[in-house]
Structure formats: structure tokens, C-alpha cells
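Structure file my_file.cif; described as mmCIF, C-alpha atoms.
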```cif
data_my_file
#
loop_
_atom_site.label_atom_id
_atom_site.label_comp_id
_atom_site.auth_asym_id
_atom_site.auth_seq_id
_atom_site.Cartn_x
_atom_site.Cartn_y
_atom_site.Cartn_z
CA MET A 1242 17.30 -14.16 19.79
CA GLY A 1243 14.12 -16.21 19.73
CA HIS A 1244 10.57 -15.21 18.90
CA ARG A 1245 9.60 -14.58 22.51
CA ALA A 1246 12.60 -12.29 23.15
CA VAL A 1247 11.93 -10.27 20.00
CA GLY A 1248 8.23 -10.08 20.82
CA ASP A 1249 9.00 -8.85 24.33
CA ALA A 1250 11.36 -6.16 23.03
CA VAL A 1251 8.73 -4.93 20.59
CA ALA A 1252 5.91 -5.09 23.17
CA GLN A 1253 7.93 -3.05 25.68
CA GLN A 1254 8.06 -0.01 23.41
CA ASP A 1255 5.85 2.99 24.17
CA TRP A 1256 3.56 2.59 21.20
CA ALA A 1257 1.34 5.55 22.04
CA ALA A 1258 4.39 7.83 22.03
CA LEU A 1259 5.72 6.25 18.82
CA ALA A 1260 2.35 6.78 17.10
CA HIS A 1261 2.41 10.43 18.16
CA GLU A 1262 5.94 10.88 16.77
CA LEU A 1263 4.90 9.28 13.50
CA ASP A 1264 1.91 11.63 13.28
CA GLU A 1265 4.10 14.67 13.90
CA HIS A 1266 7.17 13.81 11.86
CA GLY A 1267 6.57 10.73 9.70
CA SER A 1268 9.25 8.85 11.65
CA ALA A 1269 9.85 7.63 15.21
CA LEU A 1270 12.88 6.10 16.92
CA THR A 1271 12.25 3.00 19.04
CA GLY A 1272 14.21 1.83 22.03
CA GLN A 1273 16.50 -1.20 21.95
CA LEU A 1274 15.15 -4.05 19.81
CA LEU A 1275 18.34 -6.07 19.31
CA SER A 1276 21.36 -6.60 21.56
CA PRO A 1277 24.91 -5.82 20.34
CA ASP A 1278 25.52 -9.55 19.88
CA GLU A 1279 22.43 -9.94 17.70
CA CYS A 1280 23.48 -6.90 15.67
CA ARG A 1281 26.94 -8.33 15.07
CA SER A 1282 25.47 -11.69 14.12
CA LEU A 1283 23.32 -10.01 11.47
CA THR A 1284 26.23 -8.05 9.99
CA GLU A 1285 28.20 -11.30 9.72
CA LEU A 1286 25.47 -12.75 7.50
CA TYR A 1287 26.34 -10.30 4.72
CA GLY A 1288 28.97 -12.62 3.26
CA HIS A 1289 26.69 -15.68 3.14
CA ASP A 1290 25.57 -15.68 -0.50
CA GLU A 1291 23.02 -18.46 0.00
CA LEU A 1292 20.89 -16.19 2.20
CA PHE A 1293 20.25 -13.60 -0.51
CA ARG A 1294 18.31 -13.56 -3.76
CA THR A 1295 20.17 -10.60 -5.28
CA THR A 1296 22.80 -7.94 -4.61
CA VAL A 1297 22.34 -4.31 -5.68
CA ASN A 1298 25.28 -2.06 -6.55
CA MET A 1299 23.87 1.40 -5.93
CA ALA A 1300 26.47 3.28 -7.96
CA ARG A 1301 25.82 1.16 -11.06
CA LEU A 1302 22.09 1.90 -10.87
CA ARG A 1303 22.68 5.54 -9.86
CA PHE A 1304 20.91 5.01 -6.54
CA GLY A 1305 23.89 6.44 -4.64
CA SER A 1306 26.99 4.49 -3.64
CA GLY A 1307 27.34 1.31 -1.61
CA GLU A 1308 25.65 -2.05 -1.70
CA TYR A 1309 22.66 -3.90 -0.33
CA ARG A 1310 21.35 -7.44 -0.52
CA TYR A 1311 17.79 -8.77 -0.58
CA PHE A 1312 17.20 -11.82 1.60
CA THR A 1313 15.43 -14.84 0.14
CA HIS A 1314 12.10 -15.85 1.69
CA ASP A 1315 14.05 -18.21 3.94
CA LEU A 1316 14.69 -15.40 6.41
CA PRO A 1317 16.97 -15.62 9.45
CA ASP A 1318 14.85 -16.25 12.54
CA VAL A 1319 15.45 -12.82 14.04
CA VAL A 1320 14.40 -11.03 10.84
CA ARG A 1321 11.24 -13.12 10.53
CA ASP A 1322 10.39 -12.68 14.21
CA LEU A 1323 10.89 -8.90 14.11
CA ARG A 1324 8.52 -8.51 11.16
CA GLU A 1325 5.88 -10.71 12.77
CA ALA A 1326 6.10 -8.82 16.07
CA LEU A 1327 6.11 -5.34 14.51
CA TYR A 1328 3.28 -5.78 12.01
CA PRO A 1329 0.37 -5.94 14.49
CA ARG A 1330 1.78 -2.91 16.36
CA LEU A 1331 2.03 -0.87 13.16
CA LEU A 1332 -1.31 -2.03 11.75
CA PRO A 1333 -3.55 0.29 13.85
CA ILE A 1334 -1.39 3.28 12.84
CA ALA A 1335 -1.60 2.29 9.18
CA ARG A 1336 -5.38 1.96 9.37
CA ASP A 1337 -5.74 5.27 11.20
CA TRP A 1338 -3.66 7.06 8.56
CA ALA A 1339 -5.71 5.49 5.76
CA ALA A 1340 -8.96 6.64 7.42
CA ARG A 1341 -7.70 10.20 7.76
CA LEU A 1342 -6.66 10.30 4.11
CA GLY A 1343 -9.82 8.62 2.86
CA ARG A 1344 -7.89 5.68 1.43
CA PRO A 1345 -8.59 1.94 1.43
CA ALA A 1346 -7.03 -0.06 4.27
CA PRO A 1347 -6.58 -3.52 2.72
CA TRP A 1348 -4.25 -4.89 5.39
CA PRO A 1349 -5.58 -7.96 7.24
CA GLU A 1350 -4.90 -8.90 10.84
CA THR A 1351 -1.83 -11.04 10.16
CA LEU A 1352 1.32 -10.48 8.16
CA ASP A 1353 1.00 -13.91 6.52
CA GLU A 1354 -2.43 -13.01 5.11
CA TRP A 1355 -1.12 -9.70 3.78
CA ILE A 1356 1.91 -11.29 2.11
CA THR A 1357 -0.40 -13.85 0.49
CA MET A 1358 -2.37 -10.93 -0.97
CA CYS A 1359 0.86 -9.39 -2.27
CA HIS A 1360 1.80 -12.65 -3.98
CA ALA A 1361 -1.64 -12.95 -5.56
CA ALA A 1362 -1.13 -9.47 -7.03
CA GLY A 1363 2.22 -10.47 -8.57
CA GLN A 1364 4.49 -9.13 -5.81
CA SER A 1365 6.21 -12.32 -4.76
CA ARG A 1366 9.88 -11.45 -4.13
CA SER A 1367 11.29 -10.88 -0.65
CA ALA A 1368 11.96 -7.20 0.11
CA GLN A 1369 13.95 -7.58 3.35
CA ILE A 1370 17.30 -5.83 3.00
CA LEU A 1371 20.74 -5.94 4.59
CA LEU A 1372 22.66 -2.79 3.66
CA ARG A 1373 26.38 -2.08 3.84
CA TYR A 1374 28.07 1.30 3.37
CA GLY A 1375 31.77 2.22 3.39
CA PRO A 1376 33.61 5.56 3.24
CA GLY A 1377 32.07 7.83 0.61
CA ASP A 1378 28.89 5.73 0.25
CA TRP A 1379 25.40 7.21 0.42
CA ASN A 1380 21.81 6.43 -0.53
CA ALA A 1381 19.73 8.70 -2.75
CA LEU A 1382 16.31 9.89 -1.62
CA HIS A 1383 13.68 7.33 -2.59
CA ARG A 1384 10.60 5.30 -1.61
CA ASP A 1385 10.37 1.52 -1.21
CA LEU A 1386 7.00 0.90 -2.86
CA PHE A 1387 7.81 -2.07 -5.17
CA GLY A 1388 4.28 -2.24 -6.64
CA ASP A 1389 0.64 -1.30 -6.08
CA MET A 1390 0.42 -3.36 -2.88
CA TYR A 1391 2.34 -1.63 -0.13
CA PHE A 1392 2.28 -1.19 3.63
CA PRO A 1393 2.60 2.50 4.63
CA LEU A 1394 5.22 2.02 7.36
CA GLN A 1395 8.62 0.32 7.43
CA VAL A 1396 11.52 -0.04 9.87
CA VAL A 1397 15.30 0.29 9.62
CA ILE A 1398 17.53 -1.01 12.44
CA GLY A 1399 21.06 0.21 13.07
CA LEU A 1400 23.55 -2.64 13.42
CA ASP A 1401 26.74 -0.69 14.20
CA VAL A 1402 27.75 1.93 16.79
CA PRO A 1403 27.69 5.43 15.29
CA GLY A 1404 30.80 7.48 16.08
CA VAL A 1405 32.73 4.27 16.79
CA ASP A 1406 32.20 1.90 13.85
CA TYR A 1407 31.50 4.71 11.39
CA THR A 1408 31.00 8.48 11.10
CA GLY A 1409 28.48 10.30 8.91
CA GLY A 1410 25.77 8.09 7.43
CA GLU A 1411 22.79 9.82 9.05
CA PHE A 1412 19.32 8.67 8.03
CA LEU A 1413 17.65 11.41 5.96
CA MET A 1414 13.99 12.26 5.43
CA ILE A 1415 12.58 14.98 3.18
CA GLU A 1416 8.95 16.06 3.41
CA GLN A 1417 7.37 17.88 0.48
CA ARG A 1418 5.07 20.50 1.98
CA PRO A 1419 2.17 22.03 0.04
CA ARG A 1420 2.93 25.50 -1.33
CA ALA A 1421 6.17 25.66 0.69
CA GLN A 1422 9.79 24.58 0.63
CA SER A 1423 10.56 20.96 1.50
CA ARG A 1424 11.54 20.15 5.08
CA GLY A 1425 14.41 17.82 5.92
CA SER A 1426 15.35 15.87 9.03
CA THR A 1427 18.24 13.63 10.06
CA MET A 1428 18.52 10.77 12.53
CA THR A 1429 21.52 8.84 13.85
CA LEU A 1430 20.55 5.22 14.47
CA PRO A 1431 21.82 3.82 17.78
CA GLN A 1432 22.94 0.20 17.58
CA GLY A 1433 19.99 -2.15 17.91
CA HIS A 1434 17.36 0.60 17.76
CA GLY A 1435 14.76 0.85 15.03
CA LEU A 1436 13.49 3.85 13.12
CA ILE A 1437 9.88 3.51 12.00
CA PHE A 1438 9.10 5.74 9.04
CA THR A 1439 6.55 6.27 6.32
CA THR A 1440 6.90 4.34 3.10
CA ARG A 1441 5.20 7.02 1.01
CA ASP A 1442 3.57 9.91 2.90
CA ARG A 1443 1.90 10.91 6.16
CA PRO A 1444 -1.40 12.63 7.02
CA VAL A 1445 -1.01 16.38 7.44
CA ALA A 1446 -3.76 18.49 9.01
CA SER A 1447 -4.95 21.47 6.98
CA SER A 1448 -7.84 23.95 7.00
CA ARG A 1449 -9.66 21.61 4.62
CA GLY A 1450 -9.10 18.46 6.64
CA TRP A 1451 -6.32 15.95 6.02
CA SER A 1452 -3.93 15.89 3.09
CA ALA A 1453 -0.98 13.63 2.21
CA GLY A 1454 2.51 14.92 2.91
CA PRO A 1455 4.85 13.08 0.49
CA MET A 1456 8.12 11.93 2.04
CA ARG A 1457 11.30 10.28 0.79
CA HIS A 1458 14.24 8.80 2.68
CA GLY A 1459 17.96 8.19 2.13
CA VAL A 1460 21.35 8.12 3.85
CA SER A 1461 23.97 10.88 4.03
CA THR A 1462 27.57 10.24 3.02
CA VAL A 1463 29.52 7.90 5.30
CA ARG A 1464 32.76 9.68 6.27
CA SER A 1465 34.67 6.75 7.73
CA GLY A 1466 34.25 3.14 8.79
CA ARG A 1467 31.48 0.78 7.75
CA ARG A 1468 27.74 1.13 8.38
CA HIS A 1469 25.28 -1.79 8.32
CA THR A 1470 21.50 -1.62 8.66
CA LEU A 1471 18.61 -4.04 8.45
CA GLY A 1472 15.63 -2.87 6.40
CA LEU A 1473 12.24 -4.38 7.29
CA VAL A 1474 9.54 -3.89 4.67
CA PHE A 1475 6.01 -5.21 5.20
CA HIS A 1476 5.17 -5.96 1.56
CA ASP A 1477 6.89 -8.01 -1.11
CA ALA A 1478 8.31 -6.82 -4.42
CA THR A 1479 7.46 -7.44 -8.06
#
```

Any chance you could put this one into C-alpha cells?
Amino acid sequence: MGHRAVGDAVAQQDWAALAHELDEHGSALTGQLLSPDECRSLTELYGHDELFRTTVNMARLRFGSGEYRYFTHDLPDVVRDLREALYPRLLPIARDWAARLGRPAPWPETLDEWITMCHAAGQSRSAQILLRYGPGDWNALHRDLFGDMYFPLQVVIGLDVPGVDYTGGEFLMIEQRPRAQSRGSTMTLPQGHGLIFTTRDRPVASSRGWSAGPMRHGVSTVRSGRRHTLGLVFHDAT
């Protein structure tokens, strides 16, 4: 898939509706961004060691169970094009959230400018992830911050067909609510669809104005088969 095709797929989403879903829930499911062929092509990259800077064994680090790999900065075209097409669509939402929470909004107009700022602050390692889960694997609740410089939204794209290629493995989100029990949600990722979700927290309306609702994400236990996802993060890592 070339840049124009990816850009068209991203542009065709209902961004007003997605922004509303993000406001309400801290996450929003897009329509189709990648075709089944593109999804399969991405999963096949997992075995190409030269494409990745490191591999993480989640069980060894007590992050859960399963494995993921960080791409080098020499990203596959479709991964690069998706990030470049999504960033300007997510930027107004990020700035709006920052304004509501009374936070700085340091993100410039282009992704290249923002990544340059990350590198200047010492965050210079690629944070784009290809994840692979097998039976019994799961991902503990966490946040993908990687340093002081972070973009408040990220995207995960399902690369397999749920219920066919694997069972279980739902995407999990937990929201910590003020003076109340935490609230959880689950999402099954259709093949080729993206889930936009908060990196850290979302604005929550209260009697005193806006407050931050902390959120974490993870993956429930895969019951059978193999589950692959592409993680798109809009900041680099230390």
C-alpha cells in the first residue's frame, strides 16, 4: 500500500465521531485502514531480524507473556505512511485535550518536527512495535510513555481475524476514576482496523472543570491461535 492509499483510508474516517468517542471513552475504533493482504504482509515481517532494533520477551521482564519487536527507524513504507497520515488528524484532538487540562501542547504541525524535538531531548529510539501472541499469552496493564516527551494518543491495528486466527486476546483499558472504583472496557480488533487510545489519560468533566482520568491498557489472555498487532506510537523512546 502506498502513501496515497494509506492517506485516503485515514482521510475517509469520520474524525468528528472518532473525536467524540475518544472524549467519552478514551478510545475509538476506526474503520478499515489496511486490507487483509497488507495485514498478512506485515505479520510476515516478524521473522526478518534486520527490520528490528530489539525483541522483548514479556515473561522475562514480567510484562505478561508473549513477544514484541521494535522496528528500527528504517520503517516499512506502510508503517511510515500510516504514522504520517494519522498524526495531523490526531493533533487537533491532542491540543484540545491539553487545553482542557491546562497543559502545554508542544506538538508542532508535522510529525518530523515533533520527532526531531524528541531526539533533541534524548528520546531517539524507534517506538513502533510489531506484537505477536500465542496461546496463554497476555499483556499487563501499562502505559507507553518512554520519557518526558510523549504524544497523548496512539494507535494499535489488528492484523489477524479474531475468532478465526485466534480466540481471546481482547484489548483492555482500565480507567482510574476519582473517588470511585476503576472502570474497565474491552475491544476486539477487526483485521485491518485501528483502535485509537490515550497514552496516559483523558479529560474528564467535573463540577470543578476538567480533571485527568488516568488510563492503562493491555491484552487479555489469548485462548488459541496466534494474534499479531501493529503498535503506532507518535514519540520516540529513550

task: Counting all atoms listed in the file, select every polymer residue within 10 Å of (2.9, 1.8, 5.1) as defined in the file's coordinates, and provide the selection as a PyMOL selection string.
output: chain A and resi 1331-1332+1334-1336+1338-1339+1348+1385-1386+1390-1395+1437-1443+1474-1476

- prompt: Evaluating the PyMOL selection byres ((chain A and resi 1297) around 7) on the displayed file yields which residues, as a list of chain:residue names?
  reply: A:Thr1295, A:Thr1296, A:Asn1298, A:Met1299, A:Glu1308, A:Tyr1309, A:Arg1310

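Each of A:Leu1382, A:Gly1399, A:Asp1477, A:Gln1253 was compared to Trp1355 of chain A using all atoms listed in the file, and A:Asp1477 turns out to be the nearest.
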
Review point. Quick one: which residues end up in the PyMOL selection byres ((chain A and resi 1447-1454) around 9) for this structure, as a PyMOL selection string?
Key: chain A and resi 1267+1341-1343+1416-1419+1441-1446+1455-1456

Take the selection from the previous step and output its residues with C-alpha atoms, as a CSV table (one decimal), in the frame of the given file.
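For reference, result18.csv as written:
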```csv
chain,number,residue,atom,x,y,z
A,1267,GLY,CA,6.6,10.7,9.7
A,1341,ARG,CA,-7.7,10.2,7.8
A,1342,LEU,CA,-6.7,10.3,4.1
A,1343,GLY,CA,-9.8,8.6,2.9
A,1416,GLU,CA,9.0,16.1,3.4
A,1417,GLN,CA,7.4,17.9,0.5
A,1418,ARG,CA,5.1,20.5,2.0
A,1419,PRO,CA,2.2,22.0,0.0
A,1441,ARG,CA,5.2,7.0,1.0
A,1442,ASP,CA,3.6,9.9,2.9
A,1443,ARG,CA,1.9,10.9,6.2
A,1444,PRO,CA,-1.4,12.6,7.0
A,1445,VAL,CA,-1.0,16.4,7.4
A,1446,ALA,CA,-3.8,18.5,9.0
A,1455,PRO,CA,4.8,13.1,0.5
A,1456,MET,CA,8.1,11.9,2.0
```

Do you have the atom CA of Leu1436 of chain A-atom CA of Ser1268 of chain A distance handy?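 Between atom CA of Leu1436 of chain A and atom CA of Ser1268 of chain A the gap works out to 6.7 Å.
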
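We find atom CA of Ile1356 of chain A and atom CA of Arg1294 of chain A to be spaced 17.6 Å apart.
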
Notebook entry, point to check: Neighbours of Leu1275 of chain A within 10 Å (only C-alpha atoms; same-chain residues fewer than 5 positions away dropped), as a count of residues only?
Noted result: 16
